[in-house]
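Structure file run_1.cif (mmCIF, C-alpha atoms and all ligand atoms) is printed below.
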data_query
loop_
_atom_site.group_PDB
_atom_site.id
_atom_site.type_symbol
_atom_site.label_atom_id
_atom_site.label_comp_id
_atom_site.auth_asym_id
_atom_site.auth_seq_id
_atom_site.Cartn_x
_atom_site.Cartn_y
_atom_site.Cartn_z
ATOM 1 C CA MET A 277 0.000 0.000 0.000
ATOM 2 C CA ARG A 278 1.420 3.366 -1.008
ATOM 3 C CA LYS A 279 1.964 5.959 1.693
ATOM 4 C CA PRO A 280 -0.355 8.983 1.840
ATOM 5 C CA ASN A 281 0.516 12.106 -0.092
ATOM 6 C CA TYR A 282 2.198 14.910 1.830
ATOM 7 C CA PHE A 283 -0.288 17.312 3.510
ATOM 8 C CA ALA A 284 -2.716 14.363 3.952
ATOM 9 C CA SER A 285 -3.435 11.926 6.761
ATOM 10 C CA GLY A 286 -1.927 13.159 10.026
ATOM 11 C CA THR A 287 -2.417 12.014 13.599
ATOM 12 C CA ILE A 288 -4.701 14.867 14.651
ATOM 13 C CA ASP A 289 -8.235 13.846 15.691
ATOM 14 C CA ARG A 290 -10.561 16.526 14.332
ATOM 15 C CA ALA A 291 -13.038 15.818 17.155
ATOM 16 C CA GLY A 292 -15.933 17.264 15.181
ATOM 17 C CA HIS A 293 -18.392 16.466 17.973
ATOM 18 C CA ARG A 294 -16.620 19.041 20.173
ATOM 19 C CA ARG A 295 -16.997 21.969 17.800
ATOM 20 C CA ARG A 296 -20.456 22.983 19.049
ATOM 21 C CA ASP A 297 -19.520 22.589 22.713
ATOM 22 C CA ALA A 298 -18.567 26.168 23.637
ATOM 23 C CA ALA A 299 -17.970 25.347 27.308
ATOM 24 C CA TRP A 300 -15.600 22.493 26.426
ATOM 25 C CA LEU A 301 -13.735 24.686 23.930
ATOM 26 C CA ALA A 302 -13.373 27.467 26.498
ATOM 27 C CA GLY A 303 -12.015 24.971 29.026
ATOM 28 C CA GLN A 304 -9.515 23.602 26.527
ATOM 29 C CA TRP A 305 -8.403 27.116 25.622
ATOM 30 C CA ARG A 306 -7.304 27.635 29.235
ATOM 31 C CA ASP A 307 -5.797 24.166 29.639
ATOM 32 C CA PRO A 308 -1.988 24.185 29.968
ATOM 33 C CA GLN A 309 -1.862 21.105 27.715
ATOM 34 C CA THR A 310 -3.413 23.022 24.839
ATOM 35 C CA ARG A 311 -1.176 23.969 21.922
ATOM 36 C CA VAL A 312 -1.660 26.802 19.451
ATOM 37 C CA LEU A 313 -0.400 26.717 15.875
ATOM 38 C CA PRO A 314 0.271 30.256 14.596
ATOM 39 C CA ILE A 315 -0.289 30.988 10.909
ATOM 40 C CA GLY A 316 0.603 34.300 9.270
ATOM 41 C CA GLN A 317 -0.266 35.854 5.921
ATOM 42 C CA ALA A 318 3.037 34.595 4.536
ATOM 43 C CA GLY A 319 2.647 31.044 5.816
ATOM 44 C CA VAL A 320 3.546 28.992 8.851
ATOM 45 C CA VAL A 321 5.928 29.984 11.609
ATOM 46 C CA VAL A 322 9.101 27.979 12.069
ATOM 47 C CA ALA A 323 11.850 28.233 14.637
ATOM 48 C CA GLY A 324 15.055 26.823 13.219
ATOM 49 C CA THR A 325 13.915 23.715 11.383
ATOM 50 C CA GLU A 326 10.864 23.053 13.560
ATOM 51 C CA LEU A 327 7.264 24.174 13.513
ATOM 52 C CA ALA A 328 6.654 26.868 16.141
ATOM 53 C CA VAL A 329 3.888 26.002 18.589
ATOM 54 C CA LEU A 330 2.603 28.261 21.356
ATOM 55 C CA VAL A 331 1.355 27.486 24.842
ATOM 56 C CA LEU A 332 -1.257 30.112 25.633
ATOM 57 C CA GLY A 333 -0.792 29.870 29.377
ATOM 58 C CA ASP A 334 2.795 31.053 28.966
ATOM 59 C CA LEU A 335 1.826 34.251 27.176
ATOM 60 C CA PRO A 336 1.164 37.651 28.737
ATOM 61 C CA GLY A 337 -2.378 38.595 27.760
ATOM 62 C CA GLY A 338 -3.231 35.062 26.635
ATOM 63 C CA ASP A 339 -6.117 34.919 29.097
ATOM 64 C CA GLU A 340 -7.835 37.815 27.350
ATOM 65 C CA LEU A 341 -8.206 35.810 24.174
ATOM 66 C CA SER A 342 -11.017 33.349 23.607
ATOM 67 C CA PRO A 343 -11.542 30.372 21.277
ATOM 68 C CA ASP A 344 -14.598 31.906 19.596
ATOM 69 C CA GLN A 345 -13.004 35.113 18.410
ATOM 70 C CA GLU A 346 -12.076 36.044 14.867
ATOM 71 C CA GLY A 347 -8.917 34.287 13.688
ATOM 72 C CA VAL A 348 -9.093 31.259 16.001
ATOM 73 C CA VAL A 349 -9.950 27.731 14.790
ATOM 74 C CA PHE A 350 -10.242 24.565 16.837
ATOM 75 C CA LEU A 351 -8.267 22.013 14.834
ATOM 76 C CA GLY A 352 -8.808 18.953 17.015
ATOM 77 C CA THR A 353 -7.070 16.927 19.655
ATOM 78 C CA ASP A 354 -3.820 15.087 19.945
ATOM 79 C CA VAL A 355 -3.363 12.078 22.195
ATOM 80 C CA GLU A 356 -0.183 13.532 23.642
ATOM 81 C CA ALA A 357 -0.844 17.238 23.854
ATOM 82 C CA GLY A 358 -4.596 17.768 24.213
ATOM 83 C CA ALA A 359 -6.466 20.345 22.146
ATOM 84 C CA ILE A 360 -4.865 22.129 19.216
ATOM 85 C CA PHE A 361 -6.006 25.500 17.900
ATOM 86 C CA GLY A 362 -4.857 27.430 14.871
ATOM 87 C CA VAL A 363 -4.553 31.225 15.125
ATOM 88 C CA ASP A 364 -4.234 33.852 12.421
ATOM 89 C CA LEU A 365 -1.425 36.261 13.308
ATOM 90 C CA SER A 366 -2.722 38.762 10.756
ATOM 91 C CA VAL A 367 -5.784 39.430 12.962
ATOM 92 C CA PRO A 368 -4.772 42.519 15.021
ATOM 93 C CA GLU A 369 -5.975 41.103 18.356
ATOM 94 C CA LEU A 370 -3.838 38.014 17.810
ATOM 95 C CA ALA A 371 -0.655 39.666 16.540
ATOM 96 C CA GLN A 372 0.607 39.885 20.147
ATOM 97 C CA LEU A 373 1.036 36.111 20.101
ATOM 98 C CA MET A 374 4.190 36.654 18.056
ATOM 99 C CA ASP A 375 5.771 37.838 21.314
ATOM 100 C CA GLY A 376 5.522 34.317 22.690
ATOM 101 C CA LEU A 377 7.456 32.751 19.855
ATOM 102 C CA PRO A 378 11.089 31.719 20.253
ATOM 103 C CA VAL A 379 13.750 34.244 19.236
ATOM 104 C CA GLY A 380 14.466 33.802 15.552
ATOM 105 C CA ALA A 381 11.020 32.392 14.728
ATOM 106 C CA ARG A 382 9.988 33.438 11.249
ATOM 107 C CA GLU A 383 7.171 32.992 8.804
ATOM 108 C CA MET A 384 7.849 30.588 5.969
ATOM 109 C CA ASP A 385 5.677 29.961 2.926
ATOM 110 C CA LEU A 386 3.967 26.594 2.831
ATOM 111 C CA ARG A 387 5.990 25.264 -0.092
ATOM 112 C CA GLY A 388 9.215 25.969 1.778
ATOM 113 C CA ALA A 389 7.762 24.436 4.931
ATOM 114 C CA ALA A 390 6.712 21.331 3.000
ATOM 115 C CA MET A 391 10.357 20.693 2.135
ATOM 116 C CA LEU A 392 11.292 21.007 5.804
ATOM 117 C CA LEU A 393 8.590 19.618 8.075
ATOM 118 C CA PRO A 394 7.752 15.943 8.691
ATOM 119 C CA PRO A 395 4.489 14.683 7.135
ATOM 120 C CA ASP A 396 2.382 14.906 10.318
ATOM 121 C CA GLU A 397 3.267 18.569 10.767
ATOM 122 C CA GLY A 398 2.672 19.124 7.071
ATOM 123 C CA ASN A 399 -0.853 17.812 7.522
ATOM 124 C CA ARG A 400 -1.490 20.181 10.432
ATOM 125 C CA VAL A 401 -0.214 23.270 8.710
ATOM 126 C CA ALA A 402 -2.159 22.478 5.538
ATOM 127 C CA TYR A 403 -5.350 22.108 7.584
ATOM 128 C CA ALA A 404 -4.776 25.233 9.688
ATOM 129 C CA SER A 405 -3.696 27.369 6.749
ATOM 130 C CA ALA A 406 -6.682 26.407 4.606
ATOM 131 C CA MET A 407 -9.132 27.027 7.468
ATOM 132 C CA LEU A 408 -7.722 30.424 8.358
ATOM 133 C CA THR A 409 -7.518 31.476 4.717
ATOM 134 C CA TRP A 410 -11.186 30.549 4.338
ATOM 135 C CA HIS A 411 -12.048 32.790 7.319
ATOM 136 C CA ARG A 412 -10.097 35.716 5.860
ATOM 137 C CA ARG A 413 -12.053 35.425 2.626
ATOM 138 C CA HIS A 414 -15.516 34.948 4.097
ATOM 139 C CA ARG A 415 -15.870 37.724 6.640
ATOM 140 C CA TRP A 416 -18.808 39.120 4.676
ATOM 141 C CA CYS A 417 -22.002 37.263 3.801
ATOM 142 C CA GLY A 418 -22.145 36.210 0.158
ATOM 143 C CA ALA A 419 -25.955 36.393 0.267
ATOM 144 C CA CYS A 420 -26.589 39.837 1.797
ATOM 145 C CA GLY A 421 -23.204 41.501 2.395
ATOM 146 C CA ALA A 422 -23.421 41.740 6.195
ATOM 147 C CA ARG A 423 -20.477 40.912 8.439
ATOM 148 C CA THR A 424 -20.461 37.212 9.379
ATOM 149 C CA VAL A 425 -19.365 35.768 12.707
ATOM 150 C CA PRO A 426 -17.430 32.544 13.436
ATOM 151 C CA GLU A 427 -19.096 29.702 15.370
ATOM 152 C CA TRP A 428 -18.503 26.010 16.125
ATOM 153 C CA GLY A 429 -14.847 26.538 16.938
ATOM 154 C CA GLY A 430 -14.338 28.276 13.612
ATOM 155 C CA HIS A 431 -16.002 25.575 11.472
ATOM 156 C CA LEU A 432 -18.997 27.717 10.540
ATOM 157 C CA ARG A 433 -19.658 31.385 9.840
ATOM 158 C CA THR A 434 -23.188 32.667 10.248
ATOM 159 C CA CYS A 435 -24.803 35.864 9.056
ATOM 160 C CA PRO A 436 -26.640 37.758 11.837
ATOM 161 C CA ASN A 437 -28.665 39.624 9.201
ATOM 162 C CA CYS A 438 -30.059 36.923 6.865
ATOM 163 C CA ARG A 439 -29.208 33.802 8.928
ATOM 164 C CA ALA A 440 -27.210 32.238 6.094
ATOM 165 C CA GLU A 441 -24.715 29.598 7.184
ATOM 166 C CA HIS A 442 -21.330 29.447 5.463
ATOM 167 C CA PHE A 443 -19.204 26.325 5.832
ATOM 168 C CA PRO A 444 -15.487 25.929 5.085
ATOM 169 C CA ARG A 445 -14.914 25.119 1.448
ATOM 170 C CA THR A 446 -12.303 23.342 -0.578
ATOM 171 C CA ASP A 447 -11.994 23.634 -4.345
ATOM 172 C CA PRO A 448 -11.557 20.392 -6.346
ATOM 173 C CA VAL A 449 -8.767 20.378 -8.916
ATOM 174 C CA ILE A 450 -7.976 17.439 -11.185
ATOM 175 C CA ILE A 451 -4.391 16.652 -12.086
ATOM 176 C CA ALA A 452 -3.744 13.964 -14.662
ATOM 177 C CA LEU A 453 -0.746 12.210 -16.117
ATOM 178 C CA ILE A 454 -1.819 11.040 -19.568
ATOM 179 C CA THR A 455 0.085 8.263 -21.295
ATOM 180 C CA ALA A 456 0.075 6.799 -24.796
ATOM 181 C CA GLY A 457 2.139 3.735 -25.494
ATOM 182 C CA ASP A 458 5.386 4.258 -23.567
ATOM 183 C CA CYS A 459 5.139 8.064 -23.539
ATOM 184 C CA CYS A 460 3.674 10.494 -21.015
ATOM 185 C CA LEU A 461 2.272 13.968 -21.586
ATOM 186 C CA LEU A 462 3.892 16.802 -19.611
ATOM 187 C CA GLY A 463 3.361 20.528 -19.957
ATOM 188 C CA ARG A 464 4.847 23.678 -18.547
ATOM 189 C CA GLN A 465 3.476 27.077 -17.615
ATOM 190 C CA PRO A 466 5.418 30.216 -18.521
ATOM 191 C CA ILE A 467 5.700 31.307 -14.878
ATOM 192 C CA TRP A 468 7.440 28.098 -13.824
ATOM 193 C CA PRO A 469 11.215 27.844 -13.354
ATOM 194 C CA PRO A 470 13.098 26.898 -16.522
ATOM 195 C CA ALA A 471 13.116 23.134 -17.149
ATOM 196 C CA MET A 472 10.101 22.492 -14.866
ATOM 197 C CA TRP A 473 7.560 20.133 -16.469
ATOM 198 C CA SER A 474 4.509 18.587 -14.855
ATOM 199 C CA ALA A 475 1.218 16.769 -15.316
ATOM 200 C CA LEU A 476 -1.689 18.912 -16.523
ATOM 201 C CA ALA A 477 -4.239 20.249 -14.035
ATOM 202 C CA GLY A 478 -7.351 22.371 -13.791
ATOM 203 C CA PHE A 479 -10.337 23.247 -11.614
ATOM 204 C CA VAL A 480 -13.408 21.032 -11.710
ATOM 205 C CA GLU A 481 -16.364 23.039 -12.997
ATOM 206 C CA PRO A 482 -19.947 22.888 -11.702
ATOM 207 C CA GLY A 483 -21.917 20.103 -13.342
ATOM 208 C CA GLU A 484 -18.851 17.994 -14.118
ATOM 209 C CA SER A 485 -17.716 14.634 -12.828
ATOM 210 C CA LEU A 486 -14.026 14.259 -12.084
ATOM 211 C CA GLU A 487 -13.648 12.084 -15.191
ATOM 212 C CA ASP A 488 -15.375 14.765 -17.278
ATOM 213 C CA ALA A 489 -13.003 17.366 -15.892
ATOM 214 C CA VAL A 490 -9.931 15.270 -16.788
ATOM 215 C CA ARG A 491 -11.145 14.778 -20.357
ATOM 216 C CA ARG A 492 -12.076 18.452 -20.784
ATOM 217 C CA GLU A 493 -8.839 19.861 -19.347
ATOM 218 C CA ILE A 494 -6.604 17.596 -21.434
ATOM 219 C CA ALA A 495 -8.617 18.362 -24.573
ATOM 220 C CA GLU A 496 -8.514 22.118 -23.890
ATOM 221 C CA GLU A 497 -4.862 22.398 -22.932
ATOM 222 C CA ALA A 498 -3.275 19.843 -25.263
ATOM 223 C CA GLY A 499 -5.917 18.902 -27.854
ATOM 224 C CA ILE A 500 -5.746 15.260 -26.741
ATOM 225 C CA THR A 501 -8.708 12.880 -26.449
ATOM 226 C CA VAL A 502 -8.430 10.755 -23.301
ATOM 227 C CA VAL A 503 -10.005 7.316 -23.697
ATOM 228 C CA ASP A 504 -9.559 5.933 -20.182
ATOM 229 C CA VAL A 505 -9.296 7.669 -16.778
ATOM 230 C CA ARG A 506 -8.049 5.934 -13.608
ATOM 231 C CA TYR A 507 -8.039 7.436 -10.122
ATOM 232 C CA HIS A 508 -4.686 7.494 -8.311
ATOM 233 C CA SER A 509 -4.961 9.459 -5.048
ATOM 234 C CA SER A 510 -5.823 12.861 -3.599
ATOM 235 C CA GLN A 511 -3.959 15.584 -1.746
ATOM 236 C CA PRO A 512 -5.048 18.612 0.269
ATOM 237 C CA TRP A 513 -3.406 21.520 -1.555
ATOM 238 C CA PRO A 514 -3.502 24.633 0.639
ATOM 239 C CA PHE A 515 -2.562 27.119 -2.133
ATOM 240 C CA PRO A 516 -4.900 28.366 -0.936
ATOM 241 C CA LEU A 517 -7.977 26.105 -0.646
ATOM 242 C CA SER A 518 -7.783 23.218 -3.081
ATOM 243 C CA LEU A 519 -8.104 19.467 -3.034
ATOM 244 C CA MET A 520 -6.003 17.874 -5.754
ATOM 245 C CA LEU A 521 -7.504 14.728 -7.290
ATOM 246 C CA GLY A 522 -4.886 12.748 -9.165
ATOM 247 C CA PHE A 523 -5.491 10.499 -12.175
ATOM 248 C CA HIS A 524 -3.691 8.524 -14.784
ATOM 249 C CA GLY A 525 -5.269 8.459 -18.220
ATOM 250 C CA ASP A 526 -4.697 6.780 -21.564
ATOM 251 C CA ALA A 527 -4.802 8.379 -24.995
ATOM 252 C CA GLY A 528 -4.264 5.232 -27.075
ATOM 253 C CA SER A 529 -1.340 3.051 -28.063
ATOM 254 C CA GLU A 530 0.372 5.762 -30.159
ATOM 255 C CA PRO A 531 0.872 9.372 -28.959
ATOM 256 C CA PRO A 532 -1.560 11.622 -30.847
ATOM 257 C CA GLU A 533 -0.500 15.075 -32.008
ATOM 258 C CA VAL A 534 -0.422 17.749 -29.283
ATOM 259 C CA THR A 535 -2.081 21.127 -29.849
ATOM 260 C CA VAL A 536 -1.056 23.493 -27.050
ATOM 261 C CA ASP A 537 -3.443 26.156 -25.777
ATOM 262 C CA PRO A 538 -1.083 29.143 -25.413
ATOM 263 C CA ALA A 539 -3.455 30.811 -22.958
ATOM 264 C CA GLU A 540 -2.850 27.947 -20.516
ATOM 265 C CA LEU A 541 0.580 26.515 -21.286
ATOM 266 C CA GLU A 542 3.911 27.562 -22.698
ATOM 267 C CA ASP A 543 4.484 24.069 -24.019
ATOM 268 C CA ALA A 544 3.241 20.483 -23.799
ATOM 269 C CA ARG A 545 4.679 17.375 -25.407
ATOM 270 C CA TRP A 546 4.959 13.628 -25.215
ATOM 271 C CA TRP A 547 8.004 12.290 -23.407
ATOM 272 C CA PRO A 548 9.167 8.744 -24.208
ATOM 273 C CA ARG A 549 10.031 7.028 -20.943
ATOM 274 C CA GLY A 550 13.758 6.680 -21.674
ATOM 275 C CA GLU A 551 14.118 10.253 -22.914
ATOM 276 C CA LEU A 552 12.367 11.576 -19.817
ATOM 277 C CA GLU A 553 14.582 9.524 -17.500
ATOM 278 C CA ASP A 554 17.687 10.817 -19.282
ATOM 279 C CA ALA A 555 16.419 14.414 -19.200
ATOM 280 C CA ILE A 556 15.729 14.180 -15.463
ATOM 281 C CA ALA A 557 19.162 12.676 -14.816
ATOM 282 C CA SER A 558 20.902 15.423 -16.801
ATOM 283 C CA GLY A 559 18.868 18.259 -15.266
ATOM 284 C CA ARG A 560 17.260 19.188 -18.581
ATOM 285 C CA VAL A 561 13.894 18.364 -17.015
ATOM 286 C CA MET A 562 13.005 19.236 -13.446
ATOM 287 C CA LEU A 563 9.903 17.575 -12.021
ATOM 288 C CA PRO A 564 7.731 19.160 -9.300
ATOM 289 C CA PRO A 565 8.962 18.635 -5.714
ATOM 290 C CA PRO A 566 8.513 15.224 -4.087
ATOM 291 C CA PHE A 567 5.788 16.475 -1.727
ATOM 292 C CA SER A 568 3.457 17.199 -4.677
ATOM 293 C CA ILE A 569 0.906 14.770 -6.066
ATOM 294 C CA ALA A 570 2.140 15.776 -9.528
ATOM 295 C CA ARG A 571 5.497 14.207 -8.735
ATOM 296 C CA GLN A 572 3.832 11.116 -7.300
ATOM 297 C CA LEU A 573 1.875 10.611 -10.529
ATOM 298 C CA VAL A 574 5.023 10.829 -12.647
ATOM 299 C CA ASP A 575 7.109 8.692 -10.298
ATOM 300 C CA SER A 576 4.473 5.948 -10.147
ATOM 301 C CA TRP A 577 4.346 5.832 -13.950
ATOM 302 C CA LEU A 578 8.134 5.739 -14.250
ATOM 303 C CA SER A 579 8.237 2.892 -11.712
ATOM 304 C CA GLY A 580 5.658 0.929 -13.680
ATOM 305 C CA ALA A 581 2.961 1.196 -11.008
ATOM 306 C CA ALA A 582 0.526 3.341 -12.982
ATOM 307 C CA GLY A 583 -1.595 0.480 -14.309
ATOM 308 C CA PRO A 584 -2.435 -0.471 -17.892
ATOM 309 C CA SER A 585 -1.207 1.710 -20.697
HETATM 310 ZN ZN ZN B 601 -26.431 37.428 5.091
#

How does this structure look as structure tokens?
Amino acid sequence: MRKPNYFASGTIDRAGHRRRDAAWLAGQWRDPQTRVLPIGQAGVVVAGTELAVLVLGDLPGGDELSPDQEGVVFLGTDVEAGAIFGVDLSVPELAQLMDGLPVGAREMDLRGAAMLLPPDEGNRVAYASAMLTWHRRHRWCGACGARTVPEWGGHLRTCPNCRAEHFPRTDPVIIALITAGDCCLLGRQPIWPPAMWSALAGFVEPGESLEDAVRREIAEEAGITVVDVRYHSSQPWPFPLSLMLGFHGDAGSEPPEVTVDPAELEDARWWPRGELEDAIASGRVMLPPPFSIARQLVDSWLSGAAGPS
């Protein structure tokens, strides 16, 4: 059995049944076992090579904060350390928490952190970052425009004016490595570093199945008809709020001609397996980082584990 993708499957228990229990949350907030994961606009906070975690009881002014205020999310519980909350350091009332961080603590973007932190911490920061980003973007009701307020430990925002309920969202994105014979289809976007090539990806649109989205994206971006779509795995992708859904797909026994959509891609082409391996070895092709599902899709095909072709 393959191991989970990075950002997925940590040890945290989300303890959803506790989210509506305000008294329990308030008690946990004051508990010395409770840990707080600070998230800033630029990303997570690290001290040296480790994720920075705060203990509220150690902080001057920590008692004045509460778990139901703007910028605080109950993430769940941990068998060793009790409750875990995420806090948004960009909320003015919470910025003081920076004072409790170790000297030298600094914000690091999530991609940099993903290269540094072990998988369990990667899962926590992906979860906390996506939740707090959702709060930042949903402070106003999409139905009537009034200011919304957080509830349920930050897992719901309600509108006091029209009573609308707004739940955290995640945006589905398909990513697909298409093969034909012993070739795979990789593309590159103009903003990527030179030599970076990857599987093709795009947002799922309303009214589409995931398989529909794979076929549409590959047809739009590369002019290729996909005849078979196979699910591989998924990955939370907190840039900022996506869920990546990974597939392998077949386009026949011979690679059909590629027609690149220049609005989406700088280039796309078929790579024979041997040529791709040589290009990777020589540095002429750089694949996405190992923590990405894109890399996992390519690696599983190169290793022969991608299924029928
Ligand atoms: Zn409203």

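For the choices A:Ala422, A:Ala544, A:Leu332, A:Val534, the atom-to-atom distance to ligand ZN 601 (chain B) is smallest for A:Ala422 when using all atoms listed in the file.
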
task: May I ask for the distance between atom CA of A:Glu441 and atom CA of A:Phe350, given in Å to one decimal place?
output: 18.1 Å

Grab me every residue within 8 Å of ligand ZN 601 (chain B), counting only C-alpha atoms and all ligand atoms, and send it over as a PDB file with C-alpha atoms, in the coordinates of the input.
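Dumped to result.pdb:
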ATOM      1  CA  TRP A 416     -18.808  39.120   4.676  1.00  0.00           C
ATOM      2  CA  CYS A 417     -22.002  37.263   3.801  1.00  0.00           C
ATOM      3  CA  GLY A 418     -22.145  36.210   0.158  1.00  0.00           C
ATOM      4  CA  ALA A 419     -25.955  36.393   0.267  1.00  0.00           C
ATOM      5  CA  CYS A 420     -26.589  39.837   1.797  1.00  0.00           C
ATOM      6  CA  GLY A 421     -23.204  41.501   2.395  1.00  0.00           C
ATOM      7  CA  ALA A 422     -23.421  41.740   6.195  1.00  0.00           C
ATOM      8  CA  ARG A 423     -20.477  40.912   8.439  1.00  0.00           C
ATOM      9  CA  THR A 424     -20.461  37.212   9.379  1.00  0.00           C
ATOM     10  CA  THR A 434     -23.188  32.667  10.248  1.00  0.00           C
ATOM     11  CA  CYS A 435     -24.803  35.864   9.056  1.00  0.00           C
ATOM     12  CA  PRO A 436     -26.640  37.758  11.837  1.00  0.00           C
ATOM     13  CA  ASN A 437     -28.665  39.624   9.201  1.00  0.00           C
ATOM     14  CA  CYS A 438     -30.059  36.923   6.865  1.00  0.00           C
ATOM     15  CA  ARG A 439     -29.208  33.802   8.928  1.00  0.00           C
ATOM     16  CA  ALA A 440     -27.210  32.238   6.094  1.00  0.00           C
TER      17      ALA A 440
END

Per-residue nearest contacts stretch 281-367 of chain A to stretch 386-390 of chain A, cut-off 9 Å, using all atoms listed in the file, as CSV:
residue,atom,partner,partner_atom,distance
A:Tyr282,CA,A:Ala390,CA,7.9
A:Phe283,CA,A:Ala390,CA,8.1
A:Ala318,CA,A:Leu386,CA,8.2
A:Gly319,CA,A:Leu386,CA,5.5
A:Val320,CA,A:Leu386,CA,6.5
A:Val321,CA,A:Ala389,CA,8.9
A:Val322,CA,A:Ala389,CA,8.1
A:Thr325,CA,A:Ala389,CA,8.9
A:Leu327,CA,A:Ala389,CA,8.6

Same residues, C-alpha atoms, output as a compact mmCIF listing (two decimals), in the frame of the given file:
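Now in out.txt:
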# COMPACT_ATOMS: atom_id res chain seq x y z
CA TYR A 282 2.20 14.91 1.83
CA PHE A 283 -0.29 17.31 3.51
CA ALA A 318 3.04 34.60 4.54
CA GLY A 319 2.65 31.04 5.82
CA VAL A 320 3.55 28.99 8.85
CA VAL A 321 5.93 29.98 11.61
CA VAL A 322 9.10 27.98 12.07
CA THR A 325 13.92 23.72 11.38
CA LEU A 327 7.26 24.17 13.51

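If you measure from each of A:Asp504, A:Glu496, A:Asp543, A:Glu487 to A:Trp468 using all atoms listed in the file, the closest one turns out to be A:Asp543.
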
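Separating atom CA of A:Gly457 from atom CA of A:Gly525 is a distance of 11.4 Å.
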
Listed atoms of stretch 535-554 of chain A boxed along x, y and z, 6 Å each side, centre and edge lengths in Å, one decimal, as JSON:
{"center_x": 7.1, "center_y": 18.7, "center_z": -23.7, "size_x": 33.1, "size_y": 36.1, "size_z": 24.3}

- prompt: For A:Arg560, which residue out of A:Gly292, A:Pro280, A:Pro469, A:Gly303 is the nearest one, using all atoms listed in the file?
  reply: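 Among the listed residues, the smallest separation from A:Arg560 belongs to A:Pro469.
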